[in-house]
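Student: The structure follows.
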Amino acid sequence: MICCRACCRSAATADGADGVDKDPFDIDLVFRLLRQAVAGLPKAAMFALRDAGYASPFEQLVAALISARTRDETTTPVCERLFAVARTPAAMAALDETELVRLLHGVTFPEPKARDILALSRQIAAAGAVPATMEGLQALRGVGPKIAALTLGVGFGVPAISVDIHVHRIVNRWGYVAAATPERTMRALGAVLPERYWIELNERLVPFGKHICTGERPRCSTCLLIRQCRQVGVTASR
Ligand code: SF4
């Protein structure tokens, strides 16, 4: 079932892809349902680390960099292993590159990530603090928009939208935005998503996307969001 975005946000619609009647899209209700849906699921790495006490902007920045193209199940223990050795820019910058690569064992691209972590640790140690803006963060070596937004949101508590593959896929399936790339989805969300949900979006949609609204054959038949979601582009589901 395909519908226009304005219609999805404002009015009840006819049946969805699997014959379920749709309610008007209500973002507050969607977030209440999302919290329920992911309550028993493992948290995304950044948020699990935050809740384990690794909540400083520097720790969140390093964890976000390590998490790029790496599974949460690997990111969390690797970060815990690394932070047991170094938790500050000065301590991290003092590590030997070979030692850092060894500590990153298991993540993707350990050598380039070690070089990026050492470089940005030196930059931050020299500046005296982690930059608290998107522009400042993206000026650090190895830091792109997704890492910068996660650091701002989770590390500083500054509203920022971080769009990964899960966020991109799910908000487009909802019919909440219609965007072809994660970058366009980030801009489209910035125009419609209330700021109070900018940080929470990633926290909820990563586990939701891994376990419920999966890339292939999402679990629509048992999904709590079935009456809100327009199931845009879903041709096969469980
Ligand atoms: S699992 Fe199905 S109903 Fe639930 S959000 Fe994903 S596409 Fe929509």
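Residues are referred to by chain and number: the chain letter is A, B, ... according to the order shown in the structure tokens, the number counts from 1 in that chain, and ligands are numbered separately from 1 in the order shown.
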Would you tabulate, counting only C-alpha atoms and all ligand atoms, all residues of chain A that have an atom at most 8 Å from an atom of ligand 1, showing the closest pair of atoms and their distance in Å to one decimal, sorted by chain then ascending number, as a Markdown table?
Tutor:
| residue | atom | partner | partner_atom_place_in_ligand_line | distance |
| --- | --- | --- | --- | --- |
| A:Ile170 | CA | ligand 1 | 6 (Fe) | 6.2 |
| A:Arg173 | CA | ligand 1 | 7 (S) | 5.5 |
| A:Trp174 | CA | ligand 1 | 8 (Fe) | 5.7 |
| A:Gly209 | CA | ligand 1 | 6 (Fe) | 7.7 |
| A:Ile212 | CA | ligand 1 | 1 (S) | 5.5 |
| A:Cys213 | CA | ligand 1 | 1 (S) | 3.9 |
| A:Thr214 | CA | ligand 1 | 1 (S) | 7.0 |
| A:Pro218 | CA | ligand 1 | 1 (S) | 4.6 |
| A:Arg219 | CA | ligand 1 | 1 (S) | 4.7 |
| A:Cys220 | CA | ligand 1 | 2 (Fe) | 3.6 |
| A:Ser221 | CA | ligand 1 | 3 (S) | 7.3 |
| A:Thr222 | CA | ligand 1 | 1 (S) | 7.8 |
| A:Cys223 | CA | ligand 1 | 4 (Fe) | 4.6 |
| A:Leu224 | CA | ligand 1 | 4 (Fe) | 6.7 |
| A:Leu225 | CA | ligand 1 | 4 (Fe) | 5.1 |
| A:Ile226 | CA | ligand 1 | 3 (S) | 4.0 |
| A:Arg227 | CA | ligand 1 | 3 (S) | 7.4 |
| A:Gln228 | CA | ligand 1 | 3 (S) | 7.6 |
| A:Cys229 | CA | ligand 1 | 8 (Fe) | 4.5 |
| A:Arg230 | CA | ligand 1 | 8 (Fe) | 6.5 |
| A:Gln231 | CA | ligand 1 | 7 (S) | 4.4 |
| A:Val232 | CA | ligand 1 | 7 (S) | 7.2 |
| A:Val234 | CA | ligand 1 | 7 (S) | 6.3 |
| A:Ser237 | CA | ligand 1 | 2 (Fe) | 7.1 |
Student: For Arg204 in chain A, find every residue with an atom within 9 Å (counting only C-alpha atoms), except residues of its own chain fewer than 6 positions away, and show them as a compact mmCIF listing (two decimals) with N, CA and C atoms, in the first residue's frame.
Tutor:
# COMPACT_ATOMS: atom_id res chain seq x y z
N PHE A 31 5.73 6.67 19.32
CA PHE A 31 6.83 6.53 20.28
C PHE A 31 6.41 5.75 21.52
N LEU A 34 6.56 2.24 20.33
CA LEU A 34 7.95 1.82 20.12
C LEU A 34 8.61 1.43 21.44
N ARG A 35 8.38 2.26 22.47
CA ARG A 35 8.99 1.96 23.78
C ARG A 35 8.53 0.60 24.27
N ALA A 37 7.45 -1.88 22.34
CA ALA A 37 7.92 -2.93 21.43
C ALA A 37 9.37 -3.34 21.70
N VAL A 38 10.21 -2.39 22.11
CA VAL A 38 11.64 -2.71 22.27
C VAL A 38 12.02 -2.92 23.74
N LYS A 43 19.75 -3.18 23.95
CA LYS A 43 19.86 -1.79 23.51
C LYS A 43 20.93 -1.63 22.43
N ALA A 44 20.80 -0.57 21.66
CA ALA A 44 21.86 -0.21 20.72
C ALA A 44 23.13 0.11 21.51
Student: Any idea what's packed within 12 Å of range 131-141 of chain A, counting only C-alpha atoms, ignoring anything in its chain fewer than 3 positions away? Could you give it as an mmCIF file with C-alpha atoms, in the first residue's frame?
Tutor:
data_model
loop_
_atom_site.group_PDB
_atom_site.id
_atom_site.type_symbol
_atom_site.label_atom_id
_atom_site.label_comp_id
_atom_site.auth_asym_id
_atom_site.auth_seq_id
_atom_site.Cartn_x
_atom_site.Cartn_y
_atom_site.Cartn_z
ATOM 1 C CA SER A 56 31.017 11.359 28.452
ATOM 2 C CA PRO A 57 31.128 13.109 25.055
ATOM 3 C CA PHE A 58 34.617 11.697 24.444
ATOM 4 C CA GLN A 60 30.482 8.460 23.100
ATOM 5 C CA LEU A 61 32.509 9.908 20.232
ATOM 6 C CA VAL A 62 35.038 7.064 20.332
ATOM 7 C CA ALA A 64 30.380 5.941 17.710
ATOM 8 C CA LEU A 65 33.521 5.762 15.596
ATOM 9 C CA PRO A 112 42.220 3.011 10.182
ATOM 10 C CA LYS A 113 39.976 3.358 13.235
ATOM 11 C CA ALA A 114 43.006 3.267 15.546
ATOM 12 C CA ARG A 115 44.658 6.022 13.506
ATOM 13 C CA ASP A 116 41.460 8.105 13.569
ATOM 14 C CA ILE A 117 41.035 7.636 17.341
ATOM 15 C CA LEU A 118 44.643 8.629 18.018
ATOM 16 C CA ALA A 119 44.386 11.691 15.758
ATOM 17 C CA LEU A 120 41.103 12.965 17.161
ATOM 18 C CA SER A 121 42.268 12.285 20.734
ATOM 19 C CA ARG A 122 45.316 14.485 20.109
ATOM 20 C CA GLN A 123 43.119 17.176 18.527
ATOM 21 C CA ILE A 124 40.736 17.155 21.505
ATOM 22 C CA ALA A 125 43.535 17.001 24.091
ATOM 23 C CA ALA A 126 45.112 20.071 22.454
ATOM 24 C CA ALA A 127 41.770 21.944 22.277
ATOM 25 C CA GLY A 128 40.830 21.036 25.849
ATOM 26 C CA GLY A 144 30.974 12.203 9.602
ATOM 27 C CA PRO A 145 27.381 13.384 10.131
ATOM 28 C CA LYS A 146 26.133 10.138 11.717
ATOM 29 C CA ILE A 147 28.953 9.949 14.300
ATOM 30 C CA ALA A 148 28.673 13.684 14.996
ATOM 31 C CA ALA A 149 24.890 13.471 15.550
ATOM 32 C CA LEU A 150 25.225 10.451 17.868
ATOM 33 C CA THR A 151 27.920 12.231 19.899
ATOM 34 C CA LEU A 152 25.879 15.409 20.156
ATOM 35 C CA GLY A 153 22.723 13.541 21.098
ATOM 36 C CA VAL A 154 23.959 10.826 23.425
ATOM 37 C CA GLY A 155 27.139 12.483 24.696
ATOM 38 C CA PHE A 156 25.942 16.082 25.095
ATOM 39 C CA GLY A 157 22.155 15.648 25.224
ATOM 40 C CA VAL A 158 21.848 18.174 22.384
ATOM 41 C CA PRO A 159 18.960 17.309 20.019
ATOM 42 C CA ALA A 160 20.406 15.780 16.843
ATOM 43 C CA ILE A 161 19.032 13.230 14.404
ATOM 44 C CA SER A 162 21.270 10.287 13.606
#
Student: Please report the interatomic distance between CA of Phe109 in chain A and CA of Pro207 in chain A in Å with one decimal.
Tutor: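 Between CA of Phe109 in chain A and CA of Pro207 in chain A the gap is 23.7 Å.
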Student: Distance CA of Leu82 in chain A-CA of Arg102 in chain A, one decimal place?
Tutor: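 So the two atoms, CA of Leu82 in chain A and CA of Arg102 in chain A, lie 9.7 Å apart.
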Student: With only C-alpha atoms as the counted atoms, please give the residues lying no more than 12 Å from Leu100 in chain A, apart from itself and same-chain residues fewer than 3 positions off, as a ChimeraX atom specification.
Tutor: /A:66,78-79,81-83,85-86,91-97,103-105,107,110-118
Student: Go ahead and save the residues from that selection, with N, CA and C atoms, as a JSON list (two decimals), in the first residue's frame.
Tutor:
[["chain", "number", "residue", "atom", "x", "y", "z"],
["A", 66, "ILE", "N", 33.94, 3.62, 16.65],
["A", 66, "ILE", "CA", 34.19, 2.17, 16.65],
["A", 66, "ILE", "C", 32.97, 1.42, 16.08],
["A", 78, "VAL", "N", 34.15, -4.37, 23.00],
["A", 78, "VAL", "CA", 35.40, -3.75, 22.58],
["A", 78, "VAL", "C", 35.57, -2.39, 23.27],
["A", 79, "CYS", "N", 34.49, -1.62, 23.32],
["A", 79, "CYS", "CA", 34.57, -0.30, 23.99],
["A", 79, "CYS", "C", 34.86, -0.47, 25.47],
["A", 81, "ARG", "N", 36.49, -2.85, 26.85],
["A", 81, "ARG", "CA", 37.91, -3.25, 26.95],
["A", 81, "ARG", "C", 38.82, -2.04, 26.76],
["A", 82, "LEU", "N", 38.49, -1.20, 25.79],
["A", 82, "LEU", "CA", 39.30, -0.02, 25.52],
["A", 82, "LEU", "C", 39.21, 0.99, 26.67],
["A", 83, "PHE", "N", 38.01, 1.26, 27.15],
["A", 83, "PHE", "CA", 37.84, 2.27, 28.19],
["A", 83, "PHE", "C", 38.41, 1.83, 29.54],
["A", 85, "VAL", "N", 41.28, 0.78, 29.70],
["A", 85, "VAL", "CA", 42.68, 1.19, 29.56],
["A", 85, "VAL", "C", 42.79, 2.71, 29.43],
["A", 86, "ALA", "N", 41.87, 3.33, 28.69],
["A", 86, "ALA", "CA", 41.94, 4.79, 28.44],
["A", 86, "ALA", "C", 40.54, 5.36, 28.28],
["A", 91, "ALA", "N", 44.77, 10.21, 27.81],
["A", 91, "ALA", "CA", 45.14, 8.80, 28.00],
["A", 91, "ALA", "C", 45.07, 8.04, 26.68],
["A", 92, "MET", "N", 44.07, 8.36, 25.86],
["A", 92, "MET", "CA", 43.92, 7.67, 24.57],
["A", 92, "MET", "C", 45.06, 8.07, 23.63],
["A", 93, "ALA", "N", 45.38, 9.37, 23.61],
["A", 93, "ALA", "CA", 46.43, 9.86, 22.72],
["A", 93, "ALA", "C", 47.79, 9.27, 23.08],
["A", 94, "ALA", "N", 47.95, 8.86, 24.33],
["A", 94, "ALA", "CA", 49.24, 8.31, 24.78],
["A", 94, "ALA", "C", 49.40, 6.84, 24.42],
["A", 95, "LEU", "N", 48.34, 6.19, 23.93],
["A", 95, "LEU", "CA", 48.44, 4.77, 23.59],
["A", 95, "LEU", "C", 49.32, 4.57, 22.35],
["A", 96, "ASP", "N", 50.01, 3.47, 22.34],
["A", 96, "ASP", "CA", 50.76, 3.06, 21.16],
["A", 96, "ASP", "C", 49.78, 2.55, 20.10],
["A", 97, "GLU", "N", 50.03, 2.88, 18.83],
["A", 97, "GLU", "CA", 49.07, 2.49, 17.78],
["A", 97, "GLU", "C", 48.88, 0.98, 17.71],
["A", 103, "LEU", "N", 43.63, -3.65, 20.99],
["A", 103, "LEU", "CA", 42.44, -3.45, 21.81],
["A", 103, "LEU", "C", 41.16, -3.41, 20.96],
["A", 104, "LEU", "N", 41.31, -3.01, 19.69],
["A", 104, "LEU", "CA", 40.14, -2.94, 18.80],
["A", 104, "LEU", "C", 39.86, -4.26, 18.09],
["A", 105, "HIS", "N", 40.55, -5.29, 18.43],
["A", 105, "HIS", "CA", 40.38, -6.59, 17.77],
["A", 105, "HIS", "C", 38.90, -6.99, 17.74],
["A", 107, "VAL", "N", 36.57, -5.47, 15.69],
["A", 107, "VAL", "CA", 35.78, -4.46, 14.96],
["A", 107, "VAL", "C", 36.25, -4.43, 13.50],
["A", 110, "PRO", "N", 40.17, -2.12, 11.96],
["A", 110, "PRO", "CA", 40.81, -1.69, 13.22],
["A", 110, "PRO", "C", 41.98, -0.72, 13.01],
["A", 111, "GLU", "N", 42.77, -0.93, 11.95],
["A", 111, "GLU", "CA", 43.93, -0.04, 11.77],
["A", 111, "GLU", "C", 43.52, 1.40, 11.45],
["A", 112, "PRO", "N", 42.65, 1.62, 10.43],
["A", 112, "PRO", "CA", 42.22, 3.01, 10.18],
["A", 112, "PRO", "C", 41.49, 3.62, 11.38],
["A", 113, "LYS", "N", 40.69, 2.82, 12.07],
["A", 113, "LYS", "CA", 39.98, 3.36, 13.23],
["A", 113, "LYS", "C", 40.96, 3.73, 14.34],
["A", 114, "ALA", "N", 42.00, 2.93, 14.53],
["A", 114, "ALA", "CA", 43.01, 3.27, 15.55],
["A", 114, "ALA", "C", 43.68, 4.59, 15.20],
["A", 115, "ARG", "N", 44.01, 4.77, 13.91],
["A", 115, "ARG", "CA", 44.66, 6.02, 13.51],
["A", 115, "ARG", "C", 43.71, 7.20, 13.71],
["A", 116, "ASP", "N", 42.44, 7.02, 13.37],
["A", 116, "ASP", "CA", 41.46, 8.11, 13.57],
["A", 116, "ASP", "C", 41.31, 8.43, 15.06],
["A", 117, "ILE", "N", 41.22, 7.41, 15.89],
["A", 117, "ILE", "CA", 41.03, 7.64, 17.34],
["A", 117, "ILE", "C", 42.25, 8.37, 17.93],
["A", 118, "LEU", "N", 43.44, 7.94, 17.51],
["A", 118, "LEU", "CA", 44.64, 8.63, 18.02],
["A", 118, "LEU", "C", 44.67, 10.09, 17.56]]
Student: To one decimal place in Å, what is the distance between CA of Asp72 in chain A and CA of Ala45 in chain A?
Tutor: 5.0 Å
